[in-house]
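K.L.:
Structure supplied as target20.csv; contents: CSV, C-alpha atoms and all ligand atoms.
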```
chain,number,residue,atom,x,y,z
A,104,MET,CA,-27.6,9.4,-19.3
A,105,SER,CA,-24.2,8.1,-18.3
A,106,ALA,CA,-22.6,7.1,-21.6
A,107,VAL,CA,-19.0,8.3,-22.0
A,108,LEU,CA,-18.7,10.7,-24.9
A,109,PRO,CA,-16.2,9.5,-27.6
A,110,HIS,CA,-14.2,12.7,-27.3
A,111,ALA,CA,-14.4,13.2,-23.6
A,112,PRO,CA,-11.2,14.6,-22.1
A,113,LEU,CA,-8.7,12.0,-20.9
A,114,SER,CA,-9.2,13.1,-17.2
A,115,VAL,CA,-12.8,11.9,-17.4
A,116,LEU,CA,-11.8,8.5,-18.6
A,117,SER,CA,-8.8,7.7,-16.5
A,118,PRO,CA,-8.4,7.8,-12.7
A,119,SER,CA,-7.0,11.1,-11.4
A,120,PRO,CA,-3.2,11.0,-11.6
A,121,ALA,CA,-1.1,11.0,-8.4
A,122,PRO,CA,-0.4,14.5,-7.1
A,123,VAL,CA,2.8,16.0,-8.2
A,124,ALA,CA,5.3,17.2,-5.5
A,125,LEU,CA,7.8,18.7,-7.9
A,126,ARG,CA,7.8,19.7,-11.6
A,127,LEU,CA,10.5,21.2,-13.8
A,128,ASP,CA,9.2,22.6,-17.1
A,129,GLY,CA,11.9,23.5,-19.7
A,130,VAL,CA,14.3,24.7,-17.0
A,131,THR,CA,17.5,26.2,-18.3
A,132,LYS,CA,20.2,27.6,-16.0
A,133,ARG,CA,23.1,29.7,-17.2
A,134,HIS,CA,25.8,30.7,-14.8
A,135,GLY,CA,27.6,33.9,-15.7
A,136,ALA,CA,26.9,36.1,-18.8
A,137,GLY,CA,28.1,36.6,-22.3
A,138,GLY,CA,30.8,34.4,-23.9
A,139,ASP,CA,31.9,33.1,-20.4
A,140,ALA,CA,28.4,31.8,-19.5
A,141,VAL,CA,28.1,28.1,-18.5
A,142,VAL,CA,24.9,26.4,-19.4
A,143,ALA,CA,24.5,24.1,-16.4
A,144,LEU,CA,21.0,22.9,-17.2
A,145,ASP,CA,19.4,22.8,-20.6
A,146,THR,CA,15.6,22.7,-21.0
A,147,MET,CA,15.1,20.1,-18.3
A,148,SER,CA,11.6,18.8,-17.7
A,149,PHE,CA,10.4,16.1,-15.3
A,150,ALA,CA,7.9,15.6,-12.6
A,151,VAL,CA,8.2,13.8,-9.2
A,152,LYS,CA,5.0,12.3,-7.7
A,153,LYS,CA,4.1,12.9,-4.1
A,154,GLY,CA,5.7,10.2,-2.0
A,155,GLU,CA,8.1,9.1,-4.8
A,156,PHE,CA,11.8,8.4,-4.2
A,157,VAL,CA,13.7,9.7,-7.2
A,158,CYS,CA,17.5,9.4,-7.6
A,159,VAL,CA,19.5,11.6,-9.9
A,160,VAL,CA,22.8,10.4,-11.3
A,161,GLY,CA,25.2,12.0,-13.7
A,162,ALA,CA,28.9,12.7,-14.3
A,163,SER,CA,30.6,15.4,-12.3
A,164,GLY,CA,29.5,18.9,-13.5
A,165,CYS,CA,26.2,17.8,-15.1
A,166,GLY,CA,24.3,20.3,-13.1
A,167,LYS,CA,22.9,18.1,-10.2
A,168,SER,CA,23.7,20.7,-7.5
A,169,THR,CA,22.4,23.5,-9.7
A,170,MET,CA,19.1,21.6,-10.1
A,171,LEU,CA,18.8,21.1,-6.4
A,172,ASN,CA,19.5,24.7,-5.7
A,173,LEU,CA,16.8,25.8,-8.1
A,174,VAL,CA,14.3,23.3,-6.5
A,175,ALA,CA,15.3,24.5,-3.0
A,176,GLY,CA,14.6,28.1,-4.1
A,177,LEU,CA,18.3,29.1,-3.5
A,178,ASP,CA,18.6,30.2,-7.1
A,179,THR,CA,16.3,31.1,-10.0
A,180,PRO,CA,16.2,29.6,-13.5
A,181,SER,CA,17.3,31.5,-16.5
A,182,ALA,CA,14.3,30.1,-18.4
A,183,GLY,CA,11.5,27.7,-17.6
A,184,LYS,CA,9.6,27.0,-14.4
A,185,VAL,CA,10.2,25.1,-11.2
A,186,THR,CA,7.0,24.2,-9.3
A,187,VAL,CA,7.2,22.8,-5.8
A,188,ALA,CA,4.0,21.7,-3.9
A,189,GLY,CA,3.8,22.6,-0.2
A,190,GLU,CA,6.3,24.3,2.0
A,191,ARG,CA,9.9,25.0,1.3
A,192,PRO,CA,11.8,21.7,0.8
A,193,ALA,CA,14.3,20.5,3.4
A,194,LEU,CA,17.9,20.0,2.2
A,195,MET,CA,20.6,17.6,3.3
A,196,PHE,CA,24.2,17.7,2.1
A,197,GLN,CA,27.3,15.5,2.1
A,198,GLU,CA,28.5,17.5,5.1
A,199,SER,CA,26.0,17.5,7.9
A,200,ALA,CA,26.3,21.3,8.4
A,201,LEU,CA,25.2,21.0,12.0
A,202,PHE,CA,25.7,24.0,14.3
A,203,PRO,CA,28.9,22.9,16.2
A,204,TRP,CA,28.1,25.0,19.3
A,205,LEU,CA,24.6,23.4,19.8
A,206,SER,CA,23.9,19.9,21.2
A,207,VAL,CA,22.2,17.2,19.1
A,208,GLU,CA,18.8,18.0,20.6
A,209,GLU,CA,19.3,21.8,20.1
A,210,ASN,CA,20.3,21.2,16.5
A,211,VAL,CA,17.1,19.3,15.9
A,212,ALA,CA,15.0,21.8,17.8
A,213,PHE,CA,16.3,24.7,15.8
A,214,PRO,CA,13.7,24.5,12.9
A,215,LEU,CA,11.0,23.8,15.5
A,216,GLN,CA,11.9,27.1,17.3
A,217,MET,CA,11.7,28.9,13.9
A,218,GLN,CA,8.2,27.4,13.5
A,219,GLY,CA,7.2,28.9,16.9
A,220,LEU,CA,6.6,25.7,18.8
A,221,SER,CA,6.3,25.9,22.5
A,222,ARG,CA,9.2,24.6,24.6
A,223,LYS,CA,7.1,21.6,25.6
A,224,ALA,CA,6.0,20.8,22.1
A,225,ARG,CA,9.6,21.2,20.9
A,226,ALA,CA,10.9,18.7,23.5
A,227,ALA,CA,8.3,16.1,22.6
A,228,ARG,CA,9.0,16.4,18.9
A,229,VAL,CA,12.8,16.3,19.3
A,230,ALA,CA,12.5,13.2,21.4
A,231,GLU,CA,10.3,11.6,18.7
A,232,LEU,CA,12.7,12.5,15.9
A,233,LEU,CA,15.8,11.4,17.8
A,234,HIS,CA,14.1,8.1,18.5
A,235,LEU,CA,13.3,7.8,14.8
A,236,VAL,CA,17.0,8.1,13.9
A,237,HIS,CA,18.1,6.0,16.8
A,238,LEU,CA,20.0,8.7,18.6
A,239,ASP,CA,17.9,9.0,21.8
A,240,LYS,CA,21.0,8.4,23.9
A,241,PHE,CA,23.0,11.1,22.2
A,242,ALA,CA,20.7,14.1,22.7
A,243,LYS,CA,23.2,16.0,24.9
A,244,ARG,CA,26.3,15.4,22.8
A,245,ARG,CA,27.8,18.0,20.6
A,246,PRO,CA,28.5,17.3,16.9
A,247,HIS,CA,32.3,16.9,17.3
A,248,GLU,CA,31.6,13.9,19.7
A,249,LEU,CA,29.7,12.0,16.9
A,250,SER,CA,30.8,9.8,14.0
A,251,GLY,CA,30.1,10.8,10.5
A,252,GLY,CA,27.1,8.5,10.2
A,253,MET,CA,25.7,9.8,13.5
A,254,LYS,CA,26.1,13.4,12.3
A,255,GLN,CA,24.2,12.6,9.1
A,256,ARG,CA,21.4,11.0,11.2
A,257,VAL,CA,21.2,14.3,13.2
A,258,ALA,CA,21.1,16.2,9.9
A,259,LEU,CA,18.3,13.9,8.8
A,260,ALA,CA,16.3,14.4,12.0
A,261,ARG,CA,16.8,18.2,11.6
A,262,ALA,CA,15.6,18.0,8.0
A,263,LEU,CA,12.5,16.1,9.1
A,264,ALA,CA,11.9,18.7,11.8
A,265,GLN,CA,11.2,21.2,9.1
A,266,GLN,CA,8.0,19.3,8.3
A,267,ALA,CA,8.7,19.7,4.6
A,268,GLU,CA,7.0,17.3,2.2
A,269,LEU,CA,10.0,17.3,-0.1
A,270,LEU,CA,13.5,16.2,1.1
A,271,LEU,CA,16.4,17.1,-1.2
A,272,MET,CA,19.5,15.1,-0.6
A,273,ASP,CA,22.9,16.0,-2.2
A,274,GLU,CA,25.2,13.0,-1.9
A,275,PRO,CA,24.4,12.7,1.8
A,276,PHE,CA,26.3,9.4,2.4
A,277,ALA,CA,29.2,9.9,0.0
A,278,ALA,CA,31.7,10.5,2.8
A,279,LEU,CA,30.7,7.5,4.9
A,280,ASP,CA,32.2,4.0,4.8
A,281,ALA,CA,30.3,1.3,3.0
A,282,MET,CA,28.9,-0.4,6.2
A,283,MET,CA,27.6,2.9,7.6
A,284,ARG,CA,26.2,3.8,4.2
A,285,ASP,CA,24.3,0.5,3.9
A,286,HIS,CA,22.9,1.0,7.4
A,287,LEU,CA,21.7,4.5,6.6
A,288,HIS,CA,20.2,3.3,3.3
A,289,SER,CA,17.9,1.0,5.4
A,290,GLU,CA,17.1,3.7,7.9
A,291,LEU,CA,16.3,6.3,5.2
A,292,GLU,CA,14.1,3.8,3.4
A,293,THR,CA,12.2,3.0,6.6
A,294,LEU,CA,11.8,6.6,7.4
A,295,TRP,CA,10.6,7.4,3.9
A,296,GLN,CA,8.1,4.6,4.1
A,297,LYS,CA,6.8,5.7,7.5
A,298,THR,CA,6.5,9.4,6.7
A,299,GLY,CA,5.4,9.4,3.1
A,300,LEU,CA,8.0,12.0,2.2
A,301,THR,CA,8.9,12.8,-1.4
A,302,VAL,CA,12.7,12.4,-1.8
A,303,VAL,CA,15.0,13.7,-4.5
A,304,PHE,CA,18.4,12.1,-3.9
A,305,VAL,CA,21.5,13.1,-5.9
A,306,THR,CA,24.4,10.7,-6.1
A,307,HIS,CA,27.5,9.7,-8.2
A,308,ASN,CA,26.9,6.1,-7.1
A,309,VAL,CA,24.7,4.3,-9.6
A,310,ARG,CA,24.2,1.3,-7.3
A,311,GLU,CA,23.1,3.5,-4.5
A,312,ALA,CA,20.6,5.1,-6.8
A,313,VAL,CA,19.2,1.6,-7.8
A,314,ARG,CA,19.2,0.5,-4.1
A,315,LEU,CA,17.1,3.4,-3.1
A,316,GLY,CA,15.1,4.9,-6.0
A,317,ASP,CA,11.6,4.2,-7.4
A,318,ARG,CA,13.1,5.9,-10.4
A,319,VAL,CA,16.5,6.9,-11.5
A,320,LEU,CA,17.0,10.0,-13.7
A,321,LEU,CA,20.2,10.2,-15.7
A,322,LEU,CA,21.7,13.5,-16.6
A,323,SER,CA,24.3,14.3,-19.3
A,324,SER,CA,27.1,16.8,-18.9
A,325,ARG,CA,27.7,20.2,-20.4
A,326,PRO,CA,25.0,21.1,-20.7
A,327,GLY,CA,23.1,19.1,-18.2
A,328,ARG,CA,20.2,17.4,-19.9
A,329,LEU,CA,17.9,14.6,-18.9
A,330,VAL,CA,19.0,11.7,-21.2
A,331,ALA,CA,17.3,8.7,-19.7
A,332,GLU,CA,15.1,7.5,-16.9
A,333,TYR,CA,14.7,4.1,-15.4
A,334,GLN,CA,11.8,2.7,-13.4
A,335,VAL,CA,13.2,0.5,-10.6
A,336,ASP,CA,10.7,-2.3,-10.1
A,337,LEU,CA,12.7,-4.4,-7.7
A,338,ASP,CA,11.2,-5.5,-4.4
A,339,ARG,CA,12.2,-3.5,-1.3
A,340,PRO,CA,14.2,-3.7,0.8
A,341,ARG,CA,17.0,-4.2,-1.8
A,342,ARG,CA,20.6,-5.1,-1.1
A,343,ILE,CA,23.2,-2.9,-2.8
A,344,GLU,CA,25.3,-6.0,-3.6
A,345,SER,CA,22.4,-8.1,-5.0
A,346,PRO,CA,22.7,-9.3,-8.7
A,347,GLU,CA,19.4,-7.5,-9.6
A,348,VAL,CA,20.7,-4.2,-8.3
A,349,ALA,CA,24.1,-4.8,-10.0
A,350,ARG,CA,22.4,-5.7,-13.3
A,351,LEU,CA,20.4,-2.5,-13.6
A,352,ALA,CA,23.3,-0.4,-12.3
A,353,ARG,CA,25.4,-1.8,-15.1
A,354,THR,CA,22.8,-0.8,-17.7
A,355,ILE,CA,22.6,2.7,-16.3
A,356,THR,CA,26.4,3.0,-16.0
A,357,ASP,CA,26.8,1.9,-19.7
A,358,ARG,CA,24.3,4.7,-20.7
A,359,LEU,CA,26.2,7.2,-18.4
A,360,LEU,CA,29.5,6.3,-20.2
A,361,GLU,CA,27.8,6.7,-23.5
A,362,ALA,CA,26.5,10.2,-22.5
A,363,ALA,CA,30.0,11.1,-21.2
A,364,ARG,CA,31.6,10.1,-24.5
A,365,ALA,CA,29.0,12.1,-26.5
A,366,ALA,CA,29.8,15.2,-24.4
A,367,ALA,CA,33.6,14.8,-24.7
B,1,LIG,N1,28.1,29.9,-9.6
B,1,LIG,C1,28.6,29.4,-10.7
B,1,LIG,N2,29.2,30.1,-11.6
B,1,LIG,C2,29.7,29.6,-12.7
B,1,LIG,N3,29.6,28.3,-13.1
B,1,LIG,C3,29.0,27.5,-12.2
B,1,LIG,C4,28.5,28.0,-11.0
B,1,LIG,N4,27.9,26.9,-10.4
B,1,LIG,C5,28.1,25.8,-11.2
B,1,LIG,N5,28.8,26.2,-12.3
B,1,LIG,C6,29.1,25.3,-13.4
B,1,LIG,O1,27.9,24.7,-13.9
B,1,LIG,C7,28.1,23.3,-14.2
B,1,LIG,C8,27.3,22.4,-13.3
B,1,LIG,O2,27.7,22.5,-11.9
B,1,LIG,P1,27.0,21.7,-10.7
B,1,LIG,O3,27.8,22.0,-9.5
B,1,LIG,O4,25.6,22.0,-10.7
B,1,LIG,O5,27.3,20.2,-11.2
B,1,LIG,P2,27.2,18.9,-10.4
B,1,LIG,O6,26.7,17.9,-11.3
B,1,LIG,O7,26.6,19.1,-9.1
B,1,LIG,O8,28.8,18.6,-10.1
B,1,LIG,P3,29.5,17.6,-9.1
B,1,LIG,O9,28.9,16.3,-9.3
B,1,LIG,O10,30.9,17.7,-9.4
B,1,LIG,O11,29.1,18.1,-7.7
B,1,LIG,C9,29.6,23.1,-14.0
B,1,LIG,O12,30.3,23.2,-15.2
B,1,LIG,C10,30.1,24.2,-13.0
B,1,LIG,O13,31.4,24.5,-13.2
```
Output the structure of this file as structure tokens.
Ligand SMILES: Nc1ncnc2c1ncn2[C@@H]1O[C@H](COP(=O)(O)OP(=O)(O)OP(=O)(O)O)[C@@H](O)[C@H]1O

P.N.:
Amino acid sequence: MSAVLPHAPLSVLSPSPAPVALRLDGVTKRHGAGGDAVVALDTMSFAVKKGEFVCVVGASGCGKSTMLNLVAGLDTPSAGKVTVAGERPALMFQESALFPWLSVEENVAFPLQMQGLSRKARAARVAELLHLVHLDKFAKRRPHELSGGMKQRVALARALAQQAELLLMDEPFAALDAMMRDHLHSELETLWQKTGLTVVFVTHNVREAVRLGDRVLLLSSRPGRLVAEYQVDLDRPRRIESPEVARLARTITDRLLEAARAAA
């Protein structure tokens, strides 16, 4: 008999949901203790699907970096639970944090060495990654010989070398000029589509969030709470200056201002 029971569990009736790469369940983070404690995050819950590109926006001090540190395992929540599927996530910051004494190829090879890859396998993988970020010709250069955008591409190649399934990006393009940033948006989008990575991208720039994200999460300040989320159903690739991106960015910015006024 194959009839579906009227009270069958939902999982029997619906197709299995997409696997989750990251989940926060009621996560609270307090910095400090007693009367001086700062509640940086307050009972935050959300999930990110495998392969999803999620952007997080919020006013300064809303706990974006605190949240990334918890997900990266650099800090522990005061309450609630952070669940990350797979290996330790890779992190990328506003400053490229490259080793200045190592060449571009040595920087990218560093995580591969930690993974115990042979010299030959490392060289092959480094060449592949540098090709992916269009830096083949700069393998022997040192970080101080590169532009800001090139350094961020090396940092991206090094993050990819970690073979993490989840890439956490903390305002990675904030220090770059608009043209370089637009260029890196396209490169990152292509890489993300090629690799199937899950990306959590923190930014102050709402247009950047709409340009890149499948979804935009909006945090309020003091304490950091998830106040709204927006599904971005615009076709890719998007242009940051397009009317569609500008329109949704306006809606999100209005909500952001409302949240800031409520927190003031
Ligand atoms: N180690 C710490 N000790 C005490 N307070 C902290 C600590 N780290 C962060 N905070 C406080 O927690 C709150 C959230 O900080 P966090 O750096 O996570 O915010 P943010 O959204 O990343 O800020 P920004 O956008 O300015 O980078 C702030 O009020 C900050 O002052």

K.L.:
Using all atoms listed in the file, find the one residue out of A:Glu198, A:Arg350, A:Lys132, A:Val302 that sits nearest to A:Thr179.

P.N.:
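The closest residue to A:Thr179 is A:Lys132.
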
K.L.:
Do you know which residues are at most 12 Å from stretch 171-173 of chain A counting all atoms listed in the file, after dropping those on the same chain fewer than 4 positions away, and could you put them as a ChimeraX atom specification?

P.N.:
/A:125-127,130-133,143-144,147,158-159,165-167,177-187,191-196,269-274,302-306

K.L.:
With C-alpha atoms kept, could you save the residues just selected as a compact mmCIF listing (two decimals), in the coordinates of the input?

P.N.:
```
# COMPACT_ATOMS: atom_id res chain seq x y z
CA LEU A 125 7.80 18.70 -7.90
CA ARG A 126 7.80 19.70 -11.60
CA LEU A 127 10.50 21.20 -13.80
CA VAL A 130 14.30 24.70 -17.00
CA THR A 131 17.50 26.20 -18.30
CA LYS A 132 20.20 27.60 -16.00
CA ARG A 133 23.10 29.70 -17.20
CA ALA A 143 24.50 24.10 -16.40
CA LEU A 144 21.00 22.90 -17.20
CA MET A 147 15.10 20.10 -18.30
CA CYS A 158 17.50 9.40 -7.60
CA VAL A 159 19.50 11.60 -9.90
CA CYS A 165 26.20 17.80 -15.10
CA GLY A 166 24.30 20.30 -13.10
CA LYS A 167 22.90 18.10 -10.20
CA LEU A 177 18.30 29.10 -3.50
CA ASP A 178 18.60 30.20 -7.10
CA THR A 179 16.30 31.10 -10.00
CA PRO A 180 16.20 29.60 -13.50
CA SER A 181 17.30 31.50 -16.50
CA ALA A 182 14.30 30.10 -18.40
CA GLY A 183 11.50 27.70 -17.60
CA LYS A 184 9.60 27.00 -14.40
CA VAL A 185 10.20 25.10 -11.20
CA THR A 186 7.00 24.20 -9.30
CA VAL A 187 7.20 22.80 -5.80
CA ARG A 191 9.90 25.00 1.30
CA PRO A 192 11.80 21.70 0.80
CA ALA A 193 14.30 20.50 3.40
CA LEU A 194 17.90 20.00 2.20
CA MET A 195 20.60 17.60 3.30
CA PHE A 196 24.20 17.70 2.10
CA LEU A 269 10.00 17.30 -0.10
CA LEU A 270 13.50 16.20 1.10
CA LEU A 271 16.40 17.10 -1.20
CA MET A 272 19.50 15.10 -0.60
CA ASP A 273 22.90 16.00 -2.20
CA GLU A 274 25.20 13.00 -1.90
CA VAL A 302 12.70 12.40 -1.80
CA VAL A 303 15.00 13.70 -4.50
CA PHE A 304 18.40 12.10 -3.90
CA VAL A 305 21.50 13.10 -5.90
CA THR A 306 24.40 10.70 -6.10
```

K.L.:
Could you list, as a ChimeraX atom specification, all the residues within 7 Å of ligand LIG 1 (chain B), counting only C-alpha atoms and all ligand atoms?

P.N.:
/A:134-135,141-143,161-170,307,325

K.L.:
Grab the residues selected above and save them as a PDB file, in the coordinates of the input with C-alpha atoms.

P.N.:
```pdb
ATOM      1  CA  HIS A 134      25.800  30.700 -14.800  1.00  0.00           C
ATOM      2  CA  GLY A 135      27.600  33.900 -15.700  1.00  0.00           C
ATOM      3  CA  VAL A 141      28.100  28.100 -18.500  1.00  0.00           C
ATOM      4  CA  VAL A 142      24.900  26.400 -19.400  1.00  0.00           C
ATOM      5  CA  ALA A 143      24.500  24.100 -16.400  1.00  0.00           C
ATOM      6  CA  GLY A 161      25.200  12.000 -13.700  1.00  0.00           C
ATOM      7  CA  ALA A 162      28.900  12.700 -14.300  1.00  0.00           C
ATOM      8  CA  SER A 163      30.600  15.400 -12.300  1.00  0.00           C
ATOM      9  CA  GLY A 164      29.500  18.900 -13.500  1.00  0.00           C
ATOM     10  CA  CYS A 165      26.200  17.800 -15.100  1.00  0.00           C
ATOM     11  CA  GLY A 166      24.300  20.300 -13.100  1.00  0.00           C
ATOM     12  CA  LYS A 167      22.900  18.100 -10.200  1.00  0.00           C
ATOM     13  CA  SER A 168      23.700  20.700  -7.500  1.00  0.00           C
ATOM     14  CA  THR A 169      22.400  23.500  -9.700  1.00  0.00           C
ATOM     15  CA  MET A 170      19.100  21.600 -10.100  1.00  0.00           C
ATOM     16  CA  HIS A 307      27.500   9.700  -8.200  1.00  0.00           C
ATOM     17  CA  ARG A 325      27.700  20.200 -20.400  1.00  0.00           C
TER      18      ARG A 325
END
```

K.L.:
With distances taken over all atoms listed in the file, which of A:Leu259, A:Arg353, A:Pro275, A:Glu344 is nearest to A:Leu294?

P.N.:
A:Leu259

K.L.:
Which is closest to A:Ala331 among A:Ile355, A:Leu215, A:Ala136, A:Leu360, if we use all atoms listed in the file?

P.N.:
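Ranking A:Ile355, A:Leu215, A:Ala136, A:Leu360 by distance to A:Ala331, first place goes to A:Ile355.
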
K.L.:
Atom CA of A:Glu268 and atom CA of A:Tyr333, how far apart in Å?

P.N.:
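Distance between the two atoms: 23.3 Å.
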
K.L.:
Tell me which of A:Leu291, A:Ala230, A:Ala267, A:Met253 sits closest to A:Leu201, counting all atoms listed in the file.

P.N.:
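The closest residue to A:Leu201 is A:Met253.
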
K.L.:
Using all atoms listed in the file, which residues sit within 12 Å of A:Pro346 once same-chain residues fewer than 3 positions away are excluded, as JSON, numbers by chain?

P.N.:
{"A": [310, 313, 314, 337, 341, 342, 343, 349, 350, 351, 352, 353]}
